[in-house]
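Working notes, beginning with the structure itself.
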Amino acid sequence: MNTDRHGRLDVTLCRDLSDFADLAGEWGELHRSCPTATPFQSHAWLHSWWLSYGTPGRLRVVLARRAGRLIGAVPLMLVHRPMPLLVPMGGAISDFFDILVDGEDSRAAVTALEHGLRRAAAHTVVDLREVRPDASAHLLFEAWSGARSSRTDSTCMELPAEPIDALVGRMPGSRAQRTRAKLRRIDALGIECRTASVHRVSVAIGNLLRLHELQWLGRGVNPEHLRPRFCAHLVRSARRMVRDGEASVREFVLDGEVVAADLSFRSAHLTGGYLYGADPRLRERKVDVSSMLLREIARETEGLDGGVLSLLRGSEQYKNHWGPVPVVNQRLLLARSSLEPLLRLRETQLTVRDRAAESVKSRIPAARDWRGRLSELPDRLAFIGRS
């Protein structure tokens, strides 16, 4: 690309896993400099995900550099069903997708990435799921010179990045009183929260998944959460993310026994709880697990200037208890002008699937989980309900 006073812009396509692994250091710098980045764009998360779920030969990561410095990245992969598509790395176990752009050179980064992505998508439609309303991916969408369209995706729930006392204070008086009473009961029982060190992440993740399975016993646990590849991914990624201050794994101990555990992520402007497990016996002790977990996650939001505490995807009733704001992700479709018929075909596929999902929901009152699975098909690895 052209050279200006800031230096030459170069765009490349990374297709080799070892080359992607070597990007860890400069990818981390770019991730920290991107104002909209979420934890699901961290190198630790994406590289680990590929080791568990990636298909050899399908990696497609568009990279933009100015004078050799990485200023932009679009982490994608190629799939062939239901049609040739470029889709986000991280799959359905990642709650958000975004591109990475250097906050001080975003315009040039977007221009370069648009150029590179058009070359990478010479024969495919680009299907970007779970794009937050403030994501940098919208800049790419606006700069796209070919065919494009957008539609709504998952609903997420968000709270302001405030301590638990402030969050409780936002509630109506009677509900706030009940919540404070629940927190006092947790303290009175002597439940201790301990944060796992890097060296103890593997054990803590094991406890989390064991308790998660126990918590969902007989109620339709997400089967992927019980598979070794999911455990391996969480352990690998969490070790690096804990080391780099991007994640926390906590265990909650009562009478010397781990009775709950959770994994939370954080980036510059977003903190969110990803997965937890709790012993069902806590209900017998009248422990409000969501309040217990949220208090600890809220402590991590200190210092987030204008940030959010995200309850991530889903609008489950227990989340509504806190009075969160619903935020709707977007699904962005891009294609070269010559491939606009393929993009319209993809739109039709998604519309048919959405209508089928709504039909299931309306006919079967208890079908929320099935609707979630149907909405992901035929995308690989449908994951639902992380509560």
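So you can find residues: chains in the structure tokens are A, B, ... in the order shown, residues in each start at 1, and ligands are numbered from 1 in order.
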
For stretch 32-41 of chain A: contacts at 8 Å, only C-alpha atoms, fewer than 4 positions along chain excluded, given as a PyMOL selection string: chain A and resi 28+45-46+90+94-104+134-136+246+265-270

Selection export as an mmCIF file, in the first residue's frame, atoms kept: C-alpha atoms:
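Output below, filename out_17.cif:
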data_model
loop_
_atom_site.group_PDB
_atom_site.id
_atom_site.type_symbol
_atom_site.label_atom_id
_atom_site.label_comp_id
_atom_site.auth_asym_id
_atom_site.auth_seq_id
_atom_site.Cartn_x
_atom_site.Cartn_y
_atom_site.Cartn_z
ATOM 1 C CA GLY A 28 -0.819 -8.353 23.214
ATOM 2 C CA TRP A 45 -7.870 -17.053 24.313
ATOM 3 C CA LEU A 46 -7.670 -17.354 20.517
ATOM 4 C CA GLY A 90 -13.162 -18.389 18.951
ATOM 5 C CA SER A 94 -16.688 -16.647 22.686
ATOM 6 C CA ASP A 95 -19.319 -14.091 23.673
ATOM 7 C CA PHE A 96 -18.010 -11.207 21.583
ATOM 8 C CA PHE A 97 -16.168 -10.664 18.318
ATOM 9 C CA ASP A 98 -14.224 -7.604 17.268
ATOM 10 C CA ILE A 99 -11.327 -6.592 15.097
ATOM 11 C CA LEU A 100 -8.266 -5.089 16.743
ATOM 12 C CA VAL A 101 -7.083 -1.614 15.744
ATOM 13 C CA ASP A 102 -4.459 0.622 17.275
ATOM 14 C CA GLY A 103 -6.363 3.382 19.074
ATOM 15 C CA GLU A 104 -3.922 6.003 17.849
ATOM 16 C CA ASP A 134 -19.363 -0.008 20.165
ATOM 17 C CA ALA A 135 -17.029 -2.510 18.470
ATOM 18 C CA SER A 136 -14.315 -1.449 16.039
ATOM 19 C CA GLU A 246 -6.838 -10.585 32.048
ATOM 20 C CA PHE A 265 -12.375 -12.034 32.286
ATOM 21 C CA ARG A 266 -11.441 -8.373 31.985
ATOM 22 C CA SER A 267 -10.089 -5.945 29.433
ATOM 23 C CA ALA A 268 -9.568 -2.197 29.517
ATOM 24 C CA HIS A 269 -13.274 -1.302 29.582
ATOM 25 C CA LEU A 270 -15.129 -4.566 30.192
#

Which of stretch 33-220 of chain A fall in helix (DSSP H, G or I), as a VMD selection string: chain A and resid 33 39 to 41 43 to 53 91 to 93 106 to 120 137 to 143 164 to 169 173 to 189 198 to 215

A:Leu78 surroundings by only C-alpha atoms, 12 Å radius, close-in-sequence under 3 positions cut, as a ChimeraX atom specification: /A:15,54-61,75,81-89,91,120-121,123-127,379-380

Nearest to A:Trp49 by atom-to-atom distance, counting only C-alpha atoms, from A:His233, A:Arg363, A:Arg299, A:Arg283: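 Looking only at the distances to A:Trp49, the closest residue turns out to be A:His233.
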
Who sits within 8 Å of A:Tyr274, only C-alpha atoms, same chain under 3 positions skipped, as a list in words: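 In the requested format, the answer is Asp262, Leu263, Ser264, Phe265, Leu312 and Arg386 of chain A.
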
Proximity of stretch 234-261 of chain A to stretch 202-209 of chain A: per-residue shortest pair, 7 Å limit, only C-alpha atoms, as JSON lines:
{"residue": "A:Val235", "atom": "CA", "partner": "A:Ser202", "partner_atom": "CA", "distance": 5.5}
{"residue": "A:Val249", "atom": "CA", "partner": "A:Ala204", "partner_atom": "CA", "distance": 6.8}
{"residue": "A:Glu251", "atom": "CA", "partner": "A:Ala204", "partner_atom": "CA", "distance": 6.8}
{"residue": "A:Ala260", "atom": "CA", "partner": "A:Leu208", "partner_atom": "CA", "distance": 6.9}
{"residue": "A:Ala261", "atom": "CA", "partner": "A:Leu208", "partner_atom": "CA", "distance": 4.9}

Export of the given selection (C-alpha atoms) as a JSON list (two decimals), in the first residue's frame:
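The resulting file, out22.json, is reproduced below:
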[["chain", "number", "residue", "atom", "x", "y", "z"],
["A", 235, "VAL", "CA", -6.81, -24.28, 31.54],
["A", 249, "VAL", "CA", -10.28, -17.96, 38.76],
["A", 251, "GLU", "CA", -12.85, -20.72, 44.61],
["A", 260, "ALA", "CA", -18.32, -22.88, 44.25],
["A", 261, "ALA", "CA", -15.86, -21.60, 41.66]]

Gap from atom CA of A:Trp216 to atom CA of A:Ser197 - Å, one decimal: 26.9 Å
